[in-house]
Every structure is written in structure tokens, then in C-alpha cells.
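Raw entry-v3.txt, compact mmCIF, C-alpha atoms:
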```txt
# COMPACT_ATOMS: atom_id res chain seq x y z
CA MET Q 18 -19.74 3.47 6.91
CA THR Q 19 -21.28 5.98 4.57
CA MET Q 20 -20.23 7.56 1.29
CA ALA Q 21 -19.32 10.69 3.25
CA ALA Q 22 -16.84 8.67 5.31
CA VAL Q 23 -15.37 7.19 2.13
CA LEU Q 24 -14.93 10.67 0.65
CA ALA Q 25 -13.41 11.96 3.89
CA LEU Q 26 -10.77 9.21 3.83
CA ALA Q 27 -10.07 9.88 0.15
CA VAL Q 28 -9.55 13.59 0.85
CA GLY Q 29 -7.43 12.95 3.95
CA VAL Q 30 -5.20 10.49 2.13
CA PHE Q 31 -4.87 12.83 -0.87
CA LEU Q 32 -3.81 15.73 1.34
CA VAL Q 33 -1.13 13.56 2.95
CA ARG Q 34 0.13 12.63 -0.51
CA LEU Q 35 0.09 16.28 -1.51
CA ALA Q 36 2.09 17.48 1.49
CA GLY Q 37 5.47 16.11 0.34
CA PRO Q 38 5.69 17.65 -3.14
CA VAL Q 39 4.15 20.94 -1.96
CA MET Q 40 6.78 21.21 0.78
CA ARG Q 41 9.60 20.45 -1.61
CA SER Q 42 8.30 22.91 -4.24
CA ARG Q 43 8.49 25.71 -1.67
CA ILE Q 44 12.17 25.36 -1.05
CA THR Q 45 15.18 25.49 -3.30
CA VAL Q 46 16.32 21.91 -3.21
CA SER Q 47 20.10 21.64 -2.99
CA ALA Q 48 21.88 18.48 -4.03
CA ARG Q 49 22.42 17.70 -0.36
CA THR Q 50 18.75 18.17 0.51
CA GLU Q 51 17.83 15.99 -2.45
CA THR Q 52 20.14 13.28 -1.14
CA MET Q 53 18.66 13.52 2.34
CA MET Q 54 15.08 13.37 1.06
CA LYS Q 55 15.78 10.33 -1.09
CA ARG Q 56 17.61 8.74 1.83
CA GLY Q 57 14.65 9.53 4.08
CA ALA Q 58 12.24 7.72 1.77
CA MET Q 59 14.67 4.77 1.66
CA VAL Q 60 14.76 4.71 5.47
CA VAL Q 61 10.95 4.64 5.66
CA LEU Q 62 10.70 1.91 3.01
CA ALA Q 63 13.35 -0.15 4.82
CA ALA Q 64 11.51 0.34 8.12
CA LEU Q 65 8.39 -0.92 6.37
CA VAL Q 66 10.38 -3.99 5.31
CA VAL Q 67 11.54 -4.91 8.81
CA THR Q 68 8.28 -4.13 10.59
CA GLY Q 69 6.37 -5.93 7.82
CA ALA Q 70 8.64 -8.95 8.21
CA LEU Q 71 8.77 -9.14 11.99
CA VAL Q 72 5.68 -7.52 13.48
CA ALA Q 73 2.03 -8.50 13.14
CA ASP Q 74 -0.79 -7.32 15.38
CA GLY Q 75 1.62 -5.67 17.81
CA GLY Q 76 3.70 -8.79 18.41
CA PHE Q 77 6.21 -11.12 16.78
CA ALA Q 78 4.87 -12.22 13.41
CA GLY Q 79 6.17 -15.80 13.71
CA TRP Q 80 9.03 -17.48 11.85
CA ALA Q 81 7.44 -18.23 8.46
CA LEU Q 82 7.10 -14.56 7.50
CA PRO Q 83 10.65 -13.31 8.25
CA ALA Q 84 12.07 -16.54 6.78
CA GLY Q 85 10.34 -15.81 3.47
CA VAL Q 86 11.50 -12.20 3.45
CA LEU Q 87 15.04 -13.36 4.30
CA VAL Q 88 15.07 -15.79 1.37
CA GLY Q 89 13.86 -12.96 -0.88
CA GLY Q 90 16.54 -10.67 0.53
CA LEU Q 91 19.32 -13.19 -0.09
CA LEU Q 92 18.17 -13.67 -3.67
CA ALA Q 93 18.02 -9.90 -4.17
CA TRP Q 94 21.55 -9.65 -2.79
CA ARG Q 95 22.65 -12.22 -5.37
CA ARG Q 96 21.03 -9.94 -7.95
CA ALA Q 97 18.14 -12.23 -8.78
CA PRO Q 98 15.35 -10.58 -10.79
CA ILE Q 99 12.62 -8.96 -8.69
CA LEU Q 100 10.07 -11.44 -9.97
CA VAL Q 101 12.16 -14.33 -8.60
CA VAL Q 102 12.69 -12.52 -5.29
CA VAL Q 103 8.99 -11.93 -4.74
CA VAL Q 104 7.82 -15.40 -5.78
CA ALA Q 105 10.51 -17.10 -3.69
CA ALA Q 106 9.63 -15.02 -0.63
CA ALA Q 107 5.91 -15.70 -0.89
CA GLY Q 108 6.51 -19.37 -1.75
CA THR Q 109 8.84 -19.92 1.21
CA THR Q 110 6.41 -18.36 3.66
CA ALA Q 111 3.42 -20.20 2.19
CA LEU Q 112 5.22 -23.58 2.28
CA LEU Q 113 6.46 -23.04 5.83
CA ARG Q 114 2.91 -22.25 6.93
CA LEU Q 115 1.63 -25.29 5.07
CA ALA Q 116 4.18 -27.33 6.99
CA GLY Q 117 2.82 -25.95 10.22
CA VAL Q 118 5.45 -23.31 10.99
CA ALA Q 119 3.72 -20.26 12.42
CA MET J 18 6.10 17.09 -20.94
CA SER J 19 4.00 14.10 -21.78
CA PRO J 20 5.23 10.73 -20.59
CA ARG J 21 6.10 8.22 -23.29
CA PHE J 22 7.20 4.80 -22.30
CA PRO J 23 8.39 2.54 -25.09
CA PRO J 24 7.45 -0.89 -23.76
CA GLU J 25 10.59 -2.61 -25.06
CA ARG J 26 12.85 -0.27 -23.09
CA ASP J 27 11.04 -0.84 -19.80
CA ARG J 28 9.93 -4.39 -20.32
CA ASP J 29 11.35 -5.42 -16.94
CA LEU J 30 9.20 -2.80 -15.24
CA TYR J 31 6.05 -4.13 -16.87
CA ARG J 32 7.06 -7.66 -15.95
CA ASP J 33 7.87 -6.88 -12.30
CA ALA J 34 4.82 -4.71 -11.77
CA GLY J 35 2.68 -7.26 -13.57
CA ALA J 36 3.88 -9.98 -11.22
CA MET J 37 3.25 -7.80 -8.18
CA SER J 38 -0.20 -6.97 -9.46
CA ILE J 39 -1.31 -10.56 -8.88
CA GLY J 40 -0.50 -10.20 -5.20
CA ILE J 41 -2.12 -6.77 -4.93
CA GLY J 42 -5.15 -8.13 -6.75
CA ILE J 43 -5.57 -10.93 -4.22
CA VAL J 44 -5.23 -8.45 -1.34
CA GLY J 45 -7.88 -6.35 -3.12
CA VAL J 46 -10.16 -9.39 -3.30
CA SER J 47 -9.78 -9.89 0.43
CA PHE J 48 -10.56 -6.21 1.04
CA GLY J 49 -13.72 -6.29 -1.06
CA ALA J 50 -14.87 -9.55 0.48
CA LEU J 51 -14.09 -8.44 4.03
CA ALA J 52 -16.04 -5.18 3.57
CA THR J 53 -19.11 -6.88 2.11
CA SER J 54 -19.06 -9.63 4.70
CA ALA J 55 -19.04 -6.86 7.32
CA GLY J 56 -22.39 -5.82 5.92
CA LEU J 57 -21.31 -2.83 3.85
CA PRO J 58 -23.10 -2.24 0.54
CA TRP J 59 -21.01 -3.16 -2.53
CA TRP J 60 -20.37 0.42 -3.61
CA ILE J 61 -18.60 1.39 -0.39
CA PRO J 62 -15.47 -0.82 -0.81
CA VAL J 63 -15.50 -0.24 -4.59
CA ALA J 64 -15.63 3.56 -4.17
CA MET J 65 -13.06 3.38 -1.39
CA SER J 66 -10.51 1.52 -3.53
CA PHE J 67 -11.15 3.75 -6.53
CA LEU J 68 -11.00 7.06 -4.66
CA THR J 69 -8.40 6.28 -2.01
CA PHE J 70 -6.04 3.73 -3.61
CA ALA J 71 -4.32 3.11 -0.28
CA ALA J 72 -4.55 -0.49 0.89
CA THR J 73 -3.21 -0.02 4.42
CA SER J 74 -5.40 3.04 5.04
CA GLN J 75 -8.49 1.27 3.77
CA PHE J 76 -7.86 -1.83 5.88
CA ALA J 77 -7.08 0.32 8.90
CA MET J 78 -10.30 2.29 8.63
CA LEU J 79 -12.37 -0.82 7.90
CA ALA J 80 -10.89 -2.61 10.91
CA VAL J 81 -11.68 0.24 13.30
CA VAL J 82 -15.23 0.68 11.98
CA MET J 83 -15.88 -3.08 12.05
CA ALA J 84 -14.65 -3.25 15.62
CA GLY J 85 -17.20 -0.59 16.52
CA GLY J 86 -14.66 2.20 16.93
CA GLY J 87 -16.68 4.67 14.89
CA VAL J 88 -16.03 6.50 11.65
CA LEU J 89 -13.93 9.32 13.10
CA ALA J 90 -11.52 6.94 14.82
CA GLY J 91 -11.45 4.93 11.59
CA LEU J 92 -10.54 8.03 9.62
CA ALA J 93 -7.80 8.91 12.09
CA ALA J 94 -6.33 5.39 11.82
CA GLY J 95 -6.55 5.50 8.03
CA VAL J 96 -4.75 8.83 7.75
CA LEU J 97 -2.19 7.92 10.42
CA VAL J 98 -0.91 4.84 8.62
CA HIS J 99 -0.68 6.97 5.50
CA LEU J 100 1.68 9.62 6.88
CA ARG J 101 4.71 7.74 5.55
CA HIS J 102 3.71 9.13 2.15
CA ILE J 103 4.92 12.59 3.18
CA PRO J 104 8.60 11.59 2.97
CA TYR J 105 7.76 9.61 -0.18
CA GLY J 106 6.28 12.71 -1.81
CA MET J 107 9.29 14.77 -0.84
CA ALA J 108 11.63 12.23 -2.41
CA VAL J 109 9.83 11.53 -5.70
CA GLY J 110 7.36 14.45 -6.01
CA ASP J 111 9.47 16.21 -8.62
CA LEU J 112 8.90 13.33 -11.04
CA TYR J 113 5.28 14.36 -11.62
CA TRP J 114 5.41 18.05 -10.57
CA ASP J 115 4.64 19.20 -14.05
CA ARG J 116 1.34 20.31 -15.59
CA TRP J 117 -1.48 20.70 -13.09
CA TRP J 118 -3.23 17.50 -14.12
CA MET J 119 0.02 15.53 -13.93
CA ARG J 120 0.47 16.86 -10.41
CA LEU J 121 -3.05 15.85 -9.53
CA VAL J 122 -2.86 12.33 -10.94
CA GLY J 123 0.73 11.81 -9.80
CA THR J 124 -0.16 12.83 -6.26
CA PHE J 125 -3.16 10.51 -6.22
CA MET J 126 -0.99 7.65 -7.50
CA LEU J 127 1.75 7.95 -4.85
CA ILE J 128 2.13 4.53 -3.23
CA ASP J 129 4.87 2.44 -1.61
CA GLN J 130 5.59 0.51 -4.79
CA SER J 131 5.74 3.47 -7.16
CA THR J 132 8.05 5.29 -4.73
CA ALA J 133 10.34 2.29 -4.34
CA PHE J 134 10.49 1.53 -8.07
CA ALA J 135 11.14 5.19 -8.92
CA LEU J 136 13.88 5.53 -6.29
CA SER J 137 15.56 2.33 -7.47
CA ALA J 138 16.09 4.00 -10.85
CA GLY J 139 18.69 6.22 -9.17
CA ASP J 140 19.74 9.30 -11.12
CA ASP J 141 18.14 8.21 -14.39
CA ARG J 142 15.15 10.55 -14.43
CA ARG J 143 13.51 9.14 -17.53
CA ARG J 144 13.66 5.68 -16.05
CA ALA J 145 12.47 6.92 -12.65
CA ARG J 146 9.48 8.63 -14.23
CA ALA J 147 8.64 5.56 -16.30
CA ALA J 148 8.99 3.34 -13.22
CA TYR J 149 6.68 5.59 -11.24
CA TRP J 150 3.86 5.69 -13.77
CA ILE J 151 4.08 2.11 -15.02
CA THR J 152 4.08 0.49 -11.60
CA THR J 153 1.44 2.72 -10.07
CA THR J 154 -0.95 2.37 -13.03
CA ILE J 155 -0.69 -1.41 -13.01
CA MET J 156 -1.19 -1.47 -9.22
CA PHE J 157 -4.23 0.82 -9.53
CA VAL J 158 -5.91 -1.48 -12.04
CA ALA J 159 -5.08 -4.60 -10.02
CA TRP J 160 -6.26 -3.10 -6.73
CA ASN J 161 -9.61 -2.02 -8.15
CA VAL J 162 -10.25 -5.18 -10.16
CA GLY J 163 -9.39 -7.18 -7.06
CA THR J 164 -11.79 -5.18 -4.92
CA VAL J 165 -14.65 -5.67 -7.38
CA VAL J 166 -13.95 -9.41 -7.59
CA GLY J 167 -13.92 -9.58 -3.79
CA VAL J 168 -17.29 -7.84 -3.60
CA LEU J 169 -18.73 -10.25 -6.17
CA ALA J 170 -17.23 -13.22 -4.34
CA GLY J 171 -19.47 -12.35 -1.43
CA GLY J 172 -18.93 -14.35 1.71
CA PHE J 173 -15.73 -16.02 0.52
CA VAL J 174 -12.83 -14.11 2.11
CA PRO J 175 -9.45 -15.37 0.90
CA ASP J 176 -6.61 -15.13 3.39
CA PRO J 177 -3.63 -13.57 1.55
CA ASP J 178 -1.33 -14.93 4.27
CA VAL J 179 -1.97 -18.49 3.06
CA PHE J 180 -0.20 -17.57 -0.19
CA GLY J 181 2.62 -15.89 1.73
CA LEU J 182 1.68 -12.54 0.22
CA ASP J 183 2.57 -10.77 3.45
CA ALA J 184 6.16 -11.82 2.69
CA ALA J 185 5.97 -10.74 -0.96
CA PHE J 186 5.50 -7.06 -0.14
CA PRO J 187 8.48 -6.60 2.24
CA ALA J 188 10.62 -8.74 -0.08
CA LEU J 189 9.78 -6.51 -3.04
CA LEU J 190 10.62 -3.34 -1.14
CA LEU J 191 13.83 -4.95 0.18
CA ALA J 192 14.94 -5.83 -3.36
CA LEU J 193 14.28 -2.27 -4.50
CA VAL J 194 15.99 -0.61 -1.54
CA MET J 195 19.04 -2.90 -1.50
CA PRO J 196 21.14 -1.25 -4.26
CA ALA J 197 20.96 2.07 -2.37
CA LEU J 198 22.51 0.40 0.68
CA LYS J 199 25.88 0.33 -1.07
CA ASP J 200 26.08 3.96 0.01
CA ARG J 201 27.46 3.75 3.56
CA ASP J 202 25.57 6.76 4.85
CA THR J 203 22.30 5.39 3.54
CA LEU J 204 23.11 2.01 5.07
CA ALA J 205 23.81 3.59 8.46
CA ALA J 206 20.58 5.62 8.37
CA VAL J 207 18.58 2.57 7.29
CA LEU J 208 20.02 0.33 10.00
CA VAL J 209 19.40 2.82 12.80
CA GLY J 210 15.94 3.57 11.42
CA ALA J 211 15.04 -0.11 11.14
CA LEU J 212 16.08 -0.72 14.75
CA ILE J 213 13.97 2.20 15.94
CA ALA J 214 10.96 1.03 13.93
CA VAL J 215 11.12 -2.58 15.13
CA GLY J 216 11.81 -1.53 18.70
CA THR J 217 8.82 0.79 18.88
CA ALA J 218 6.38 -1.20 16.71
CA PRO J 219 4.95 -3.29 19.59
CA PHE J 220 4.07 -0.18 21.60
CA LEU J 221 2.95 2.44 19.09
CA PRO J 222 0.03 2.64 16.67
CA THR J 223 0.75 1.34 13.16
CA GLY J 224 2.19 4.07 10.98
CA ILE J 225 4.21 5.84 13.65
CA PRO J 226 7.21 3.46 13.94
CA VAL J 227 8.14 3.76 10.26
CA LEU J 228 8.10 7.56 10.63
CA LEU J 229 10.22 7.44 13.77
CA ALA J 230 12.73 5.54 11.65
CA LEU J 231 13.55 8.88 10.04
CA VAL J 232 15.52 9.68 13.20
CA GLY J 233 18.03 7.29 11.63
CA LEU J 234 18.94 10.10 9.23
CA LEU J 235 20.68 11.81 12.13
CA ALA J 236 23.17 8.96 12.16
CA THR J 237 24.65 10.33 8.97
CA TRP J 238 24.10 14.05 9.36
CA PRO J 239 27.21 15.35 11.15
CA ARG J 240 29.61 12.94 9.50
CA ARG J 241 29.03 14.11 5.94
CA ARG J 242 31.53 16.59 4.60
CA PRO J 243 30.57 17.81 1.16
CA LYS J 244 33.67 18.13 -0.99
CA GLY J 245 34.28 21.60 -2.32
CA ASP J 246 31.00 22.81 -0.88
CA ALA J 247 31.51 25.40 1.80
CA ALA J 248 27.84 25.74 2.67
```
Once you've parsed the file, please lay out its structure as C-alpha cells.
Amino acid sequence: MTMAAVLALAVGVFLVRLAGPVMRSRITVSARTETMMKRGAMVVLAALVVTGALVADGGFAGWALPAGVLVGGLLAWRRAPILVVVVAAAGTTALLRLAGVA
Amino acid sequence: MSPRFPPERDRDLYRDAGAMSIGIGIVGVSFGALATSAGLPWWIPVAMSFLTFAATSQFAMLAVVMAGGGVLAGLAAGVLVHLRHIPYGMAVGDLYWDRWWMRLVGTFMLIDQSTAFALSAGDDRRRARAAYWITTTIMFVAWNVGTVVGVLAGGFVPDPDVFGLDAAFPALLLALVMPALKDRDTLAAVLVGALIAVGTAPFLPTGIPVLLALVGLLATWPRRRPKGDAA
């Protein structure tokens, strides 16, 4: 990989990041559109959560990973601080793996 | 409009982003170490992290190139997994669509975490803006410091999975998305989208399933009847 390749990725990624705000600045954003756009981002983030928790390398990620995310999710539901949620999720998954759970 | 963030008002943001930065830092270490152990000179991963600031894109490109897929295929993979940032930019782009340099830096700093933290602020624009800049700046520093440490660490490649860090990231996003799920339309869209993403993930290249999830928005489209809004 060369510096040119690095720059090409940087430019490509930047243009992707630029596309969203440029598109939205070209339209008059109604309250309803605003709601839909925010909801769209939520949907993508949530999809990232479930795929990140369940899928690894094109297959099932094993039990330790979703178990950790589930523990984090339950804590978040009980309104635990984000710090607690994240540490508990990582800790659960790490301990399960240490115990031999894939 | 210049951003001013009194630390005492947003202490929780600094704390949460600070905690996350440890995880991002370790992932950065593994990126730097992986790249150097693949035989790349030190400045390639360092420049990549500094100029791209997109972990999944960088790993995707590195993986393809390391597997002998070539630079062009690597670029394609890197950009493909990044496409989810288009809906992100549409949702939070107005927070930094200000002076030209704010637009430039804000665009460069658009990541999963800054989007999720900003959205979780709801209608409070000051808070959303603070959340965006605080989290993304801390992540940027952590990601780059991590990469440099990884390069210096040489052959030692830590496995972030051992620390359960692959669970930390979805758990963080879940915690940030959860309050929005009280809205039934959002919940419906999210559930349908999540099913689509998980169902297609085994068959499609990484990056596409989370975009297909947007089809979930259709689940709420016809049902909504804006009150007092004829349009």
C-alpha cells in the first residue's frame, strides 16, 4: 500500500461523509423530513448494534459477544450510566471467553 | 458561531467519551500493529488513521490488501463499509453546517459515536452540538495515539476481542439509541431494519446490510398522520 492509496481512501471516505449534509442543505427540511432523517440514522445505528452483536466473518459470532451486548442493553434499559453499560458489556464478553464460551 | 463547551455542564459527555476512548485506543493499537506486522512502513497506518479517521474502513482496506486483493479492491471495500455515514450526515449534518471550516472539520469528524451521542441529545441543539464535538475529538485523539502505539509495539498485535471490546461498541450504540425507541414509529422502523440487517448479513458484503435496514423506515411511512398538517 502506498501513500497514494492512503490519500485515495481518505478522499473517498471524506466524500461519503460530505454527501449527507450536502444533500440535506439542498432541500428545505420540513419537520417531518427531519424526523425521518433522524429515524433513519437511528435505524442504521441499531442495525449496526445487532449485526455487531450477532455476526462475525459472515457467520454467527458465538454466544459470548451477544451475551455481553445483552447485559449492556439490560443495564441501559434500567438507565445505568453509559460507562457502566459499556464496561459491563465488555467485561461479560471477556469473562465468558476466558471461561471458554465462544 | 463558535462552539463553547463549559466542562461542568457536559461532564458526563467527557466521562463517557473518555471511557470509550480506552477501547478505541486499544483497537487503534491493534490496527497499527497489524499494519506494521503486514510489512507496511510505519507512516502508512499513522497517515491512514490521521487522514481517514474511520476504523472499519481502514481495517477493511487493510484486510483486502493483506489478502492480496489489490489496492483498488481495498479502496472499494473501505468506501463500501463507510456508506452508512450518508444517513448519519443527513441526520446530524446541520450541527456543524456553519462556517466553511466548521463544515470541513465537522464532516471529517463524522463517526458512529459522534452521530449516536449527538442524536441521543434529542431536541437540545446546544447539547447535541457539544456531544458531537466532544465525543469525536476525544475519539480522534485516542484513535491516533492508539495507532502510533501499535506501530511502536511492532510485532505484538493485541486482540481487542480478548477484552470484550467487540461487545463494548454495540453496547454503547444500544445505550444511546434506546431512549429514541420509546417512540413507537422509531421502534417499528428499528425492529424491521434490524431483522433485515441480520437476515442479509451472512450473504452480503459488510456495509450493505446496515444500509438495507433503512427499508425499515417504510414500516412507519404510511401510518403516520401529521396532526394539523395537510401536506
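What separates atom CA of Ala70 of chain Q from atom CA of Pro83 of chain Q is a distance of 4.8 Å.
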Tell me the residues of chain Q close to chain J, meaning within 7 Å using all atoms listed in the file, as a ChimeraX atom specification.
/Q:18,20,22-23,26-27,29-31,33-38,41,54-70,75-76,82,85-86,89-90,93,99-100,102-104,106-108,110-111
Kindly save the residues from that selection, with C-alpha atoms included, as a tab-separated table (two decimals), in the coordinates of the input.
```
chain	number	residue	atom	x	y	z
Q	18	MET	CA	-19.74	3.47	6.91
Q	20	MET	CA	-20.23	7.56	1.29
Q	22	ALA	CA	-16.84	8.67	5.31
Q	23	VAL	CA	-15.37	7.19	2.13
Q	26	LEU	CA	-10.77	9.21	3.83
Q	27	ALA	CA	-10.07	9.88	0.15
Q	29	GLY	CA	-7.43	12.95	3.95
Q	30	VAL	CA	-5.20	10.49	2.13
Q	31	PHE	CA	-4.87	12.83	-0.87
Q	33	VAL	CA	-1.13	13.56	2.95
Q	34	ARG	CA	0.13	12.63	-0.51
Q	35	LEU	CA	0.09	16.28	-1.51
Q	36	ALA	CA	2.09	17.48	1.49
Q	37	GLY	CA	5.47	16.11	0.34
Q	38	PRO	CA	5.69	17.65	-3.14
Q	41	ARG	CA	9.60	20.45	-1.61
Q	54	MET	CA	15.08	13.37	1.06
Q	55	LYS	CA	15.78	10.33	-1.09
Q	56	ARG	CA	17.61	8.74	1.83
Q	57	GLY	CA	14.65	9.53	4.08
Q	58	ALA	CA	12.24	7.72	1.77
Q	59	MET	CA	14.67	4.77	1.66
Q	60	VAL	CA	14.76	4.71	5.47
Q	61	VAL	CA	10.95	4.64	5.66
Q	62	LEU	CA	10.70	1.91	3.01
Q	63	ALA	CA	13.35	-0.15	4.82
Q	64	ALA	CA	11.51	0.34	8.12
Q	65	LEU	CA	8.39	-0.92	6.37
Q	66	VAL	CA	10.38	-3.99	5.31
Q	67	VAL	CA	11.54	-4.91	8.81
Q	68	THR	CA	8.28	-4.13	10.59
Q	69	GLY	CA	6.37	-5.93	7.82
Q	70	ALA	CA	8.64	-8.95	8.21
Q	75	GLY	CA	1.62	-5.67	17.81
Q	76	GLY	CA	3.70	-8.79	18.41
Q	82	LEU	CA	7.10	-14.56	7.50
Q	85	GLY	CA	10.34	-15.81	3.47
Q	86	VAL	CA	11.50	-12.20	3.45
Q	89	GLY	CA	13.86	-12.96	-0.88
Q	90	GLY	CA	16.54	-10.67	0.53
Q	93	ALA	CA	18.02	-9.90	-4.17
Q	99	ILE	CA	12.62	-8.96	-8.69
Q	100	LEU	CA	10.07	-11.44	-9.97
Q	102	VAL	CA	12.69	-12.52	-5.29
Q	103	VAL	CA	8.99	-11.93	-4.74
Q	104	VAL	CA	7.82	-15.40	-5.78
Q	106	ALA	CA	9.63	-15.02	-0.63
Q	107	ALA	CA	5.91	-15.70	-0.89
Q	108	GLY	CA	6.51	-19.37	-1.75
Q	110	THR	CA	6.41	-18.36	3.66
Q	111	ALA	CA	3.42	-20.20	2.19
```
If you measure from atom CA of Ala81 of chain Q to atom CA of Leu113 of chain Q, what distance in Å do you get, rounded to one decimal?
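Spanning atom CA of Ala81 of chain Q to atom CA of Leu113 of chain Q is a straight-line distance of 5.6 Å.
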Atomic distance atom CA of Thr154 of chain J - atom CA of Pro98 of chain Q, expressed in Å with one decimal:
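Separation of atom CA of Thr154 of chain J and atom CA of Pro98 of chain Q: 20.9 Å.
Here the question is which of Q:Val101, Q:Thr52, Q:Ala73, Q:Thr109 gets nearest to Leu87 of chain Q using only C-alpha atoms, and that residue is Q:Thr109.
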Using all atoms listed in the file, which residues sit within 8 Å of Ala135 of chain J once same-chain residues fewer than 6 positions away are excluded, as a compact mmCIF listing (two decimals) with C-alpha atoms, in the coordinates of the input?
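Generated output (part.txt):
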```txt
# COMPACT_ATOMS: atom_id res chain seq x y z
CA VAL J 109 9.83 11.53 -5.70
CA ARG J 144 13.66 5.68 -16.05
CA ALA J 145 12.47 6.92 -12.65
CA ARG J 146 9.48 8.63 -14.23
CA ALA J 147 8.64 5.56 -16.30
CA ALA J 148 8.99 3.34 -13.22
CA TYR J 149 6.68 5.59 -11.24
```
Using all atoms listed in the file, find the one residue out of J:Ser131, J:Gly45, J:Thr73, J:Lys199 that sits nearest to Ile151 of chain J.
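Using all atoms listed in the file, the shortest distance to Ile151 of chain J belongs to J:Ser131.
Take the candidates J:Ala80, J:Ala170, J:Ala138, J:Met156 and check each one against Ile41 of chain J using only C-alpha atoms; the shortest distance goes to J:Met156.
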